[in-house]
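**Student:** Just so it is clear, I am handing over upload01.csv, which has CSV, C-alpha atoms.
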chain,number,residue,atom,x,y,z
A,1,MET,CA,43.8,24.2,167.5
A,2,ASP,CA,42.3,23.7,164.1
A,3,PHE,CA,42.1,26.0,161.1
A,4,LYS,CA,39.8,25.7,158.1
A,5,LEU,CA,40.3,27.9,155.1
A,6,HIS,CA,36.9,28.8,153.6
A,7,ASN,CA,37.2,31.3,150.8
A,8,THR,CA,40.0,33.1,148.9
A,9,ASP,CA,39.4,36.2,146.9
A,10,THR,CA,40.1,35.9,143.2
A,11,ARG,CA,41.6,39.3,142.7
A,12,THR,CA,43.7,39.6,145.9
A,13,GLY,CA,45.2,37.3,148.6
A,14,ALA,CA,42.3,38.0,151.0
A,15,ARG,CA,40.7,34.9,152.5
A,16,THR,CA,38.2,33.8,155.1
A,17,GLY,CA,38.5,30.9,157.5
A,18,GLU,CA,37.7,29.6,161.0
A,19,ILE,CA,40.0,28.8,163.9
A,20,THR,CA,38.7,26.3,166.5
A,21,THR,CA,40.1,26.4,170.0
A,22,ASP,CA,39.0,24.7,173.2
A,23,HIS,CA,37.5,28.1,174.2
A,24,GLY,CA,35.5,28.6,171.0
A,25,LYS,CA,35.6,29.4,167.4
A,26,ILE,CA,37.2,32.5,165.7
A,27,LYS,CA,36.1,33.6,162.2
A,28,THR,CA,38.9,35.1,160.2
A,29,PRO,CA,40.0,37.7,159.3
A,30,ILE,CA,39.7,38.8,162.9
A,31,PHE,CA,40.8,41.8,165.0
A,32,MET,CA,41.9,41.0,168.6
A,33,PRO,CA,41.5,43.7,171.3
A,34,VAL,CA,44.6,44.1,173.4
A,35,GLY,CA,44.2,43.4,177.1
A,36,THR,CA,47.7,44.1,178.3
A,37,LEU,CA,47.3,43.5,182.0
A,38,GLY,CA,44.4,41.1,181.7
A,39,SER,CA,41.9,43.8,180.9
A,40,VAL,CA,41.1,45.7,177.7
A,41,LYS,CA,41.5,49.2,179.1
A,42,GLY,CA,38.2,50.7,180.3
A,43,ILE,CA,36.1,47.9,178.9
A,44,HIS,CA,34.1,45.3,180.9
A,45,GLN,CA,34.1,41.7,179.7
A,46,ARG,CA,30.4,41.9,179.2
A,47,GLU,CA,30.8,44.8,176.7
A,48,LEU,CA,33.5,43.0,174.9
A,49,LYS,CA,31.3,39.9,174.5
A,50,GLU,CA,27.8,41.3,174.0
A,51,ASP,CA,28.3,44.7,172.4
A,52,ILE,CA,31.7,44.7,170.7
A,53,ASN,CA,31.5,41.0,170.1
A,54,ALA,CA,35.2,40.3,170.4
A,55,GLU,CA,35.9,36.6,169.6
A,56,ILE,CA,39.4,36.6,171.0
A,57,ILE,CA,41.5,39.0,173.2
A,58,LEU,CA,45.2,39.4,174.0
A,59,GLY,CA,47.2,39.3,177.2
A,60,ASN,CA,50.8,40.5,177.6
A,61,THR,CA,53.3,38.1,179.0
A,62,TYR,CA,55.8,40.7,180.2
A,63,HIS,CA,53.2,42.7,182.1
A,64,LEU,CA,51.3,39.8,183.6
A,65,TYR,CA,54.6,38.2,184.7
A,66,LEU,CA,55.3,41.4,186.7
A,67,ARG,CA,51.7,42.0,187.8
A,68,PRO,CA,49.8,40.2,189.3
A,69,GLY,CA,52.6,37.6,189.0
A,70,LEU,CA,52.6,33.9,188.1
A,71,ASP,CA,51.7,32.7,191.6
A,72,VAL,CA,48.4,34.6,191.6
A,73,LEU,CA,47.6,33.5,188.0
A,74,GLU,CA,48.4,29.9,188.8
A,75,GLN,CA,46.3,29.9,192.0
A,76,ALA,CA,43.4,31.4,190.0
A,77,GLY,CA,43.6,28.6,187.4
A,78,GLY,CA,45.0,30.8,184.6
A,79,LEU,CA,44.1,34.1,183.1
A,80,HIS,CA,40.7,33.0,181.8
A,81,LYS,CA,39.5,32.3,185.3
A,82,PHE,CA,41.3,35.3,186.8
A,83,ASN,CA,39.6,37.8,184.5
A,84,GLY,CA,36.4,36.0,183.7
A,85,TRP,CA,36.9,35.8,179.9
A,86,ASP,CA,35.6,32.4,178.6
A,87,ARG,CA,36.4,32.9,174.9
A,88,PRO,CA,39.8,32.3,173.2
A,89,MET,CA,42.8,34.3,174.3
A,90,LEU,CA,46.3,34.9,172.9
A,91,THR,CA,49.5,36.0,174.7
A,92,ASP,CA,52.5,37.6,173.2
A,93,SER,CA,55.9,36.5,174.5
A,94,GLY,CA,57.1,39.8,175.9
A,95,GLY,CA,59.7,40.1,173.2
A,96,PHE,CA,58.3,43.5,172.0
A,97,GLN,CA,58.3,44.9,175.5
A,98,VAL,CA,61.9,43.8,176.0
A,99,PHE,CA,62.7,45.5,172.7
A,100,SER,CA,61.0,48.7,173.9
A,101,LEU,CA,63.1,48.6,177.1
A,102,ALA,CA,66.3,49.1,175.1
A,103,ALA,CA,67.9,51.3,177.8
A,104,ASN,CA,67.1,48.7,180.6
A,105,ARG,CA,67.9,45.4,179.0
A,106,LYS,CA,70.8,43.3,177.8
A,107,LEU,CA,70.5,40.5,175.2
A,108,THR,CA,72.6,37.3,175.5
A,109,GLU,CA,72.5,34.0,173.8
A,110,GLU,CA,70.7,32.6,176.9
A,111,GLY,CA,68.0,35.2,176.9
A,112,ALA,CA,67.1,38.8,177.7
A,113,ILE,CA,68.1,40.4,181.1
A,114,PHE,CA,65.9,43.4,181.9
A,115,ARG,CA,64.9,45.7,184.7
A,116,SER,CA,61.2,46.1,185.6
A,117,HIS,CA,59.7,49.4,184.5
A,118,ILE,CA,57.7,49.3,187.8
A,119,ASP,CA,60.5,49.0,190.5
A,120,GLY,CA,63.8,48.5,188.7
A,121,SER,CA,64.1,44.9,189.8
A,122,LYS,CA,66.2,42.6,187.7
A,123,HIS,CA,64.7,39.7,185.7
A,124,MET,CA,65.6,37.4,182.8
A,125,PHE,CA,63.5,35.9,180.1
A,126,THR,CA,64.7,32.9,178.2
A,127,PRO,CA,62.9,30.9,175.5
A,128,GLU,CA,62.3,28.1,178.1
A,129,ASN,CA,60.9,30.2,180.9
A,130,VAL,CA,58.8,32.3,178.6
A,131,MET,CA,57.2,29.0,177.4
A,132,ASP,CA,56.7,28.0,181.1
A,133,THR,CA,55.2,31.5,181.9
A,134,GLN,CA,52.7,31.3,179.1
A,135,ARG,CA,51.8,27.8,180.2
A,136,ILE,CA,50.9,29.3,183.6
A,137,ILE,CA,49.0,32.3,182.0
A,138,GLY,CA,47.1,29.7,180.0
A,139,ALA,CA,46.3,31.4,176.7
A,140,ASP,CA,44.9,29.3,173.9
A,141,ILE,CA,47.6,30.6,171.5
A,142,ILE,CA,51.0,31.6,172.7
A,143,MET,CA,54.0,33.2,171.0
A,144,ALA,CA,57.6,32.2,170.6
A,145,PHE,CA,60.2,34.5,172.4
A,146,ASP,CA,62.0,36.7,169.9
A,147,GLU,CA,63.9,39.9,169.5
A,148,CYS,CA,62.0,42.7,167.6
A,149,PRO,CA,64.5,45.0,165.9
A,150,SER,CA,63.6,48.5,164.9
A,151,GLY,CA,62.1,49.0,161.5
A,152,THR,CA,65.1,51.2,160.6
A,153,ALA,CA,67.7,48.7,161.9
A,154,SER,CA,70.8,48.2,159.8
A,155,TYR,CA,71.1,45.0,157.7
A,156,GLU,CA,73.9,43.7,159.9
A,157,TYR,CA,71.9,44.2,163.1
A,158,ALA,CA,68.8,42.7,161.6
A,159,LYS,CA,70.8,39.7,160.4
A,160,ASN,CA,72.3,39.0,163.8
A,161,SER,CA,69.0,39.6,165.5
A,162,LEU,CA,67.3,37.1,163.2
A,163,GLY,CA,69.9,34.5,163.9
A,164,LEU,CA,69.3,34.9,167.7
A,165,THR,CA,65.5,34.8,167.2
A,166,GLN,CA,65.7,31.6,165.2
A,167,ARG,CA,67.9,29.9,167.8
A,168,TRP,CA,65.5,31.0,170.5
A,169,LEU,CA,62.6,29.8,168.4
A,170,ASP,CA,64.1,26.3,168.2
A,171,ARG,CA,64.5,26.3,172.0
A,172,CYS,CA,60.9,27.5,172.4
A,173,VAL,CA,59.6,24.7,170.2
A,174,ALA,CA,61.6,22.1,172.1
A,175,ARG,CA,60.4,23.4,175.5
A,176,PHE,CA,56.8,23.7,174.4
A,177,ASP,CA,56.8,20.2,172.9
A,178,SER,CA,58.3,18.7,176.0
A,179,THR,CA,55.7,20.2,178.4
A,180,LYS,CA,52.0,19.9,178.9
A,181,ALA,CA,49.2,22.5,179.3
A,182,LYS,CA,48.6,23.2,183.0
A,183,TYR,CA,44.8,23.4,182.7
A,184,ASP,CA,42.1,21.3,181.1
A,185,TYR,CA,42.5,22.7,177.6
A,186,SER,CA,45.1,22.7,174.9
A,187,GLN,CA,47.6,25.4,173.9
A,188,THR,CA,49.1,26.2,170.5
A,189,LEU,CA,52.6,27.8,169.8
A,190,PHE,CA,53.0,30.3,166.9
A,191,PRO,CA,56.6,31.0,165.7
A,192,ILE,CA,57.3,34.7,164.8
A,193,VAL,CA,58.8,35.6,161.5
A,194,GLN,CA,61.3,38.5,161.9
A,195,GLY,CA,63.8,40.0,159.4
A,196,CYS,CA,63.1,43.7,159.5
A,197,VAL,CA,62.6,45.2,156.0
A,198,TYR,CA,65.2,43.0,154.3
A,199,LYS,CA,63.7,40.6,151.8
A,200,ASP,CA,66.3,37.9,152.0
A,201,LEU,CA,66.1,37.8,155.8
A,202,ARG,CA,62.3,37.6,155.7
A,203,ILE,CA,62.5,34.7,153.3
A,204,LYS,CA,65.0,32.9,155.5
A,205,ALA,CA,62.8,33.5,158.6
A,206,ALA,CA,59.6,32.4,156.9
A,207,GLU,CA,61.2,29.2,155.5
A,208,HIS,CA,62.6,28.3,158.9
A,209,ALA,CA,59.3,29.0,160.7
A,210,ALA,CA,57.4,27.0,158.1
A,211,SER,CA,59.8,24.1,158.4
A,212,LEU,CA,58.7,23.7,162.1
A,213,ASN,CA,55.2,22.7,161.0
A,214,ARG,CA,53.2,24.6,163.7
A,215,GLU,CA,49.5,25.3,163.8
A,216,GLY,CA,49.8,29.0,162.9
A,217,TYR,CA,52.4,31.7,162.3
A,218,ALA,CA,53.0,35.3,163.3
A,219,ILE,CA,54.7,38.1,161.4
A,220,GLY,CA,56.5,40.4,163.8
A,221,GLY,CA,58.7,43.4,163.5
A,222,LEU,CA,56.5,45.5,161.3
A,223,ALA,CA,54.8,48.9,162.0
A,224,VAL,CA,57.9,49.7,164.1
A,225,GLY,CA,59.1,52.8,162.2
A,226,GLU,CA,59.4,51.6,158.6
A,227,PRO,CA,57.3,53.1,155.7
A,228,ALA,CA,53.9,51.4,155.2
A,229,GLU,CA,54.9,50.3,151.7
A,230,ASP,CA,57.8,48.4,153.1
A,231,MET,CA,55.5,46.7,155.5
A,232,TYR,CA,53.2,45.7,152.8
A,233,GLU,CA,56.1,44.3,150.7
A,234,MET,CA,57.4,42.3,153.6
A,235,ILE,CA,53.9,40.8,154.2
A,236,GLU,CA,53.7,39.7,150.6
A,237,VAL,CA,57.2,38.1,150.7
A,238,VAL,CA,56.4,36.2,153.9
A,239,ASN,CA,52.9,35.0,152.9
A,240,GLU,CA,54.3,33.6,149.7
A,241,ILE,CA,56.2,31.1,151.9
A,242,LEU,CA,54.0,30.5,154.9
A,243,PRO,CA,51.5,27.6,154.5
A,244,GLU,CA,48.2,28.5,153.0
A,245,ASP,CA,46.3,26.1,155.3
A,246,LYS,CA,47.5,27.8,158.5
A,247,PRO,CA,46.5,31.2,160.0
A,248,ARG,CA,48.8,34.2,159.7
A,249,TYR,CA,48.9,36.7,162.4
A,250,LEU,CA,50.3,40.2,161.8
A,251,MET,CA,51.4,41.5,165.2
A,252,GLY,CA,50.7,45.0,166.5
A,253,VAL,CA,49.1,46.3,163.3
A,254,GLY,CA,47.5,48.8,163.0
A,255,THR,CA,45.3,51.5,161.4
A,256,PRO,CA,42.1,50.5,159.7
A,257,ILE,CA,43.8,51.1,156.3
A,258,ASN,CA,46.8,48.9,157.4
A,259,ILE,CA,44.4,46.1,158.3
A,260,LEU,CA,42.5,46.2,155.0
A,261,GLU,CA,45.8,46.3,153.0
A,262,ALA,CA,47.1,43.4,155.0
A,263,ILE,CA,43.9,41.4,154.6
A,264,SER,CA,44.2,41.8,150.9
A,265,ARG,CA,47.7,40.3,151.2
A,266,GLY,CA,46.5,37.2,153.0
A,267,VAL,CA,46.7,38.1,156.7
A,268,ASP,CA,44.1,36.5,159.0
A,269,MET,CA,44.7,37.9,162.5
A,270,PHE,CA,45.4,41.4,163.9
A,271,ASP,CA,45.9,43.2,167.2
A,272,CYS,CA,46.7,46.8,168.0
A,273,VAL,CA,46.3,49.2,171.0
A,274,MET,CA,45.3,52.0,168.6
A,275,PRO,CA,41.5,51.6,169.1
A,276,THR,CA,41.7,52.1,172.9
A,277,ARG,CA,44.8,54.3,173.1
A,278,ASN,CA,43.4,56.7,170.5
A,279,GLY,CA,40.0,56.4,172.0
A,280,ARG,CA,41.2,57.6,175.3
A,281,ASN,CA,42.6,60.7,173.6
A,282,GLY,CA,39.3,61.4,171.8
A,283,MET,CA,40.0,60.1,168.3
A,284,ILE,CA,37.4,57.8,166.8
A,285,PHE,CA,37.5,55.8,163.6
A,286,THR,CA,34.3,55.6,161.4
A,287,SER,CA,33.4,54.1,158.1
A,288,GLU,CA,33.5,57.6,156.6
A,289,GLY,CA,36.8,58.7,158.2
A,290,THR,CA,38.4,59.8,161.4
A,291,MET,CA,37.0,62.2,164.0
A,292,ASN,CA,38.8,64.2,166.6
A,293,MET,CA,36.3,64.6,169.3
A,294,ARG,CA,38.2,67.5,170.8
A,295,ASN,CA,37.5,69.7,167.8
A,296,GLN,CA,35.3,72.8,168.2
A,297,LYS,CA,33.1,71.7,165.3
A,298,TRP,CA,31.3,69.1,167.5
A,299,VAL,CA,30.4,71.5,170.4
A,300,ASN,CA,26.8,72.0,169.2
A,301,ASP,CA,26.4,68.8,167.2
A,302,PHE,CA,23.7,66.8,169.0
A,303,SER,CA,23.5,64.1,166.4
A,304,PRO,CA,24.4,60.5,167.3
A,305,LEU,CA,28.1,59.8,167.8
A,306,ASP,CA,28.1,57.6,164.7
A,307,SER,CA,24.9,56.9,162.8
A,308,ASN,CA,26.5,54.0,161.0
A,309,GLY,CA,28.1,52.5,164.1
A,310,THR,CA,27.2,49.1,165.6
A,311,SER,CA,27.7,49.7,169.3
A,312,TYR,CA,25.1,51.0,171.7
A,313,VAL,CA,27.3,54.1,172.4
A,314,ASP,CA,27.0,55.2,168.8
A,315,SER,CA,23.3,55.9,169.1
A,316,PHE,CA,23.0,56.6,172.8
A,317,TYR,CA,25.5,59.5,173.0
A,318,SER,CA,25.8,62.6,170.9
A,319,LYS,CA,28.9,64.1,169.4
A,320,ALA,CA,28.5,67.2,171.6
A,321,TYR,CA,28.3,65.2,174.8
A,322,VAL,CA,31.3,63.0,173.9
A,323,ARG,CA,33.3,66.1,173.1
A,324,HIS,CA,32.3,67.6,176.4
A,325,LEU,CA,33.5,64.5,178.3
A,326,ILE,CA,36.8,64.4,176.4
A,327,ARG,CA,37.5,68.1,176.9
A,328,ALA,CA,36.7,67.8,180.6
A,329,ASN,CA,39.0,64.7,180.9
A,330,GLU,CA,36.0,62.7,182.2
A,331,LEU,CA,36.9,58.9,182.3
A,332,LEU,CA,33.6,58.1,180.6
A,333,GLY,CA,34.6,60.0,177.4
A,334,GLY,CA,37.6,57.8,176.8
A,335,GLN,CA,35.5,54.7,177.6
A,336,ILE,CA,32.8,55.6,175.1
A,337,CYS,CA,35.4,56.3,172.4
A,338,SER,CA,37.3,53.1,173.1
A,339,ILE,CA,34.1,51.0,173.0
A,340,HIS,CA,33.1,52.7,169.7
A,341,ASN,CA,36.6,52.1,168.2
A,342,LEU,CA,36.7,48.4,169.2
A,343,ALA,CA,33.2,47.9,167.8
A,344,PHE,CA,34.3,49.6,164.6
A,345,TYR,CA,37.4,47.5,164.2
A,346,LEU,CA,35.3,44.3,164.7
A,347,TRP,CA,32.7,45.6,162.2
A,348,LEU,CA,35.5,46.3,159.7
A,349,VAL,CA,36.8,42.7,159.7
A,350,ARG,CA,33.3,41.3,159.6
A,351,GLU,CA,32.5,43.4,156.5
A,352,ALA,CA,35.8,42.2,155.0
A,353,ARG,CA,34.7,38.6,155.5
A,354,GLU,CA,31.4,39.2,153.9
A,355,LYS,CA,33.0,41.0,150.9
A,356,ILE,CA,35.5,38.2,150.4
A,357,GLU,CA,32.7,35.6,150.5
A,358,ASP,CA,30.5,37.4,148.0
A,359,GLY,CA,33.4,38.3,145.7
A,360,THR,CA,33.3,42.1,146.0
A,361,PHE,CA,36.3,42.6,148.4
A,362,TYR,CA,38.6,44.2,145.9
A,363,GLU,CA,36.2,47.1,145.0
A,364,TRP,CA,35.0,47.5,148.5
A,365,LYS,CA,38.5,47.7,150.0
A,366,ASN,CA,39.5,50.4,147.5
A,367,ILE,CA,36.5,52.5,148.4
A,368,MET,CA,37.0,52.0,152.1
A,369,VAL,CA,40.7,52.9,152.0
A,370,GLU,CA,39.8,56.2,150.4
A,371,LYS,CA,37.1,56.9,153.0
A,372,LEU,CA,39.2,55.8,156.0
A,373,GLY,CA,41.9,58.3,155.0
A,374,ARG,CA,39.5,61.3,155.5
A,375,ARG,CA,39.5,63.6,158.5
A,376,LEU,CA,36.0,64.6,159.4
Could you write out this file's structure as structure tokens?
**Tutor:**
Amino acid sequence: MDFKLHNTDTRTGARTGEITTDHGKIKTPIFMPVGTLGSVKGIHQRELKEDINAEIILGNTYHLYLRPGLDVLEQAGGLHKFNGWDRPMLTDSGGFQVFSLAANRKLTEEGAIFRSHIDGSKHMFTPENVMDTQRIIGADIIMAFDECPSGTASYEYAKNSLGLTQRWLDRCVARFDSTKAKYDYSQTLFPIVQGCVYKDLRIKAAEHAASLNREGYAIGGLAVGEPAEDMYEMIEVVNEILPEDKPRYLMGVGTPINILEAISRGVDMFDCVMPTRNGRNGMIFTSEGTMNMRNQKWVNDFSPLDSNGTSYVDSFYSKAYVRHLIRANELLGGQICSIHNLAFYLWLVREAREKIEDGTFYEWKNIMVEKLGRRL
């Protein structure tokens, strides 16, 4: 993987760049739709490529390990061939899912013992077998195995958790560097910077990660219960340390406002389930604010779903029709809203890139943050 930094905004930390992988190029800042089980929920790959124009999508190691399983993925030739996605792909390590299974898992120095949410069967993730698993899945960019503490964790817990994450990271790097990609393209390992909302821990984590001299870095453990201002402060602390010439990926974040604020602090890559999860529940994000398509106010509104939108669904369907579908629990309603939201998120980061390049990002971002906070 290669990263070239193109432009840096003079009034903020916002920057543009380009990541090159064996499956194609990614212009940054970029939003990555989440395809947990090898599919972005309700969205065909054709829509992702031709309408939404996603440049990279995610897969989830924990879920893919359980279903369809590594044997199927290896026989298929990796996830790209299994799901037909021929652009870049990233997999998380499963650390967040293990964190979310707190009642069904046990952490040890060796790894995480957990029970499947599907059938209760017992499994263990270690730094080594998570690297092997992600080799089999075959994503272009893979994540180190970590523990993700709650945003409200105590200092003592966060400190011990970070120590474990750092020891696991060293083992991930050793395993990754001693193995080869299984398919005919290269893979890249990103360390994950943890440390909760404690500045000294984040500094320690970022310095350790940077010392490993990898091709990119992830910031984890944010947007997990802490106030937004704490999240922004931790991003600033970490990005002061992480190398300027490497991409920075903020994991699992977030709202459109979160994304713009993080871009302004030097983040290059984002993912979040919000566009599709909220879309399935009838909430859509627009450049003028957020719309709840269940609301009575749309019942007789036959205007386009979003006259400023970039997807075909925005002009093809009316607000009244989409409201009807959502209220009737028709699958098409959630699909339309999900397509719209993903297209909007990709539009947002493209606009950010343009504004950074023409020198107007600071003013544009402040205007957009005010608009994005509105309820329409």
**Student:** Any idea what's packed within 8 Å of Arg350 of chain A, counting only C-alpha atoms, ignoring anything in its chain fewer than 4 positions away? Could you give it as a list in words?
**Tutor:**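 Skipping anything fewer than 4 positions along the chain leaves Pro29, Ile30, Leu346 and Glu354 of chain A.
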**Student:** Give me the residues near segment 18-22 of chain A as a PyMOL selection string, where near means some atom within 6 Å (using all atoms listed in the file) and where sequence neighbours in that chain fewer than 4 positions away do not count.
**Tutor:** chain A and resi 1-4+26-28+185
**Student:** Of the candidates A:Pro88, A:Gly334, A:Gly77, A:Gly69, which shows the shortest atom-to-atom distance to Lys49 of chain A, using all atoms listed in the file?
**Tutor:**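 When distances to Lys49 of chain A are compared using all atoms listed in the file, the smallest one comes from A:Pro88.
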**Student:** At a cut-off of 10 Å, using all atoms listed in the file, what residues contact Asn53 of chain A? Leave out same-chain residues fewer than 3 positions from it and give the result as a ChimeraX atom specification.
**Tutor:** /A:45-50,56,311,342-343,346-347
**Student:** Taking into account only C-alpha atoms, which residue in the set A:Phe190, A:Tyr362, A:Tyr321, A:Tyr62 is nearest to Arg294 of chain A?
**Tutor:**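 Of A:Phe190, A:Tyr362, A:Tyr321, A:Tyr62, the one nearest Arg294 of chain A, counting only C-alpha atoms, is A:Tyr321.
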**Student:** Restricting the calculation to all atoms listed in the file, which member of A:Gly163, A:Met124, A:Asp230, A:Thr188 is positioned closest to Lys204 of chain A?
**Tutor:** A:Gly163
**Student:** What is the distance between atom CA of Gly24 of chain A and atom CA of Gly84 of chain A, in Å to one decimal?
**Tutor:**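 Atom CA of Gly24 of chain A sits 14.7 Å away from atom CA of Gly84 of chain A.
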**Student:** Rounded to one decimal, what separation in Å do you get between atom CA of Glu128 of chain A and atom CA of Asp200 of chain A?
**Tutor:**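 Those two atoms sit 28.2 Å apart.
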**Student:** With only C-alpha atoms as the basis for distance, which of A:Pro191, A:Ile52, A:Ile113, A:Gly221 is at the shortest distance from Ser161 of chain A?
**Tutor:**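 Residue with the minimum atom-to-atom distance to Ser161 of chain A: A:Gly221.
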**Student:** Quick one: of A:Ala210, A:Ile259, A:Ile356, A:Leu64, who's nearest to Arg15 of chain A, counting only C-alpha atoms?
**Tutor:**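 For Arg15 of chain A, the nearest of the candidates is A:Ile356.
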**Student:** Taking only C-alpha atoms into account, name the residue in A:Asp92, A:Met269, A:His123, A:Gln187 that is nearest to Glu55 of chain A.
**Tutor:**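 Nearest to Glu55 of chain A: A:Met269.
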**Student:** Rounded to one decimal place, report the atom CA of Ile142 of chain A-atom CA of Leu90 of chain A distance in Å.
**Tutor:**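 Separation between atom CA of Ile142 of chain A and atom CA of Leu90 of chain A: 5.7 Å.
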**Student:** Show me, as a list in words, the residues that have an atom within 10 Å of Leu222 of chain A when counting all atoms listed in the file, minus same-chain residues fewer than 5 positions from it.
**Tutor:**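 After dropping sequence-adjacent residues, the list is Cys148, Pro149, Ser150, Gly151, Gln194, Gly195, Cys196, Val197, Pro227, Ala228, Asp230, Met231, Tyr232, Met234, Ile235, Leu250, Met251, Gly252, Val253 and Gly254 of chain A.
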**Student:** Could you name the residues that touch Val130 of chain A at 10 Å or less, counting only C-alpha atoms, but leaving out those on the same chain fewer than 2 positions away, as a VMD selection string?
**Tutor:** chain A and resid 61 to 62 65 92 to 95 111 124 to 128 132 to 136 142 to 145 172 175 to 176
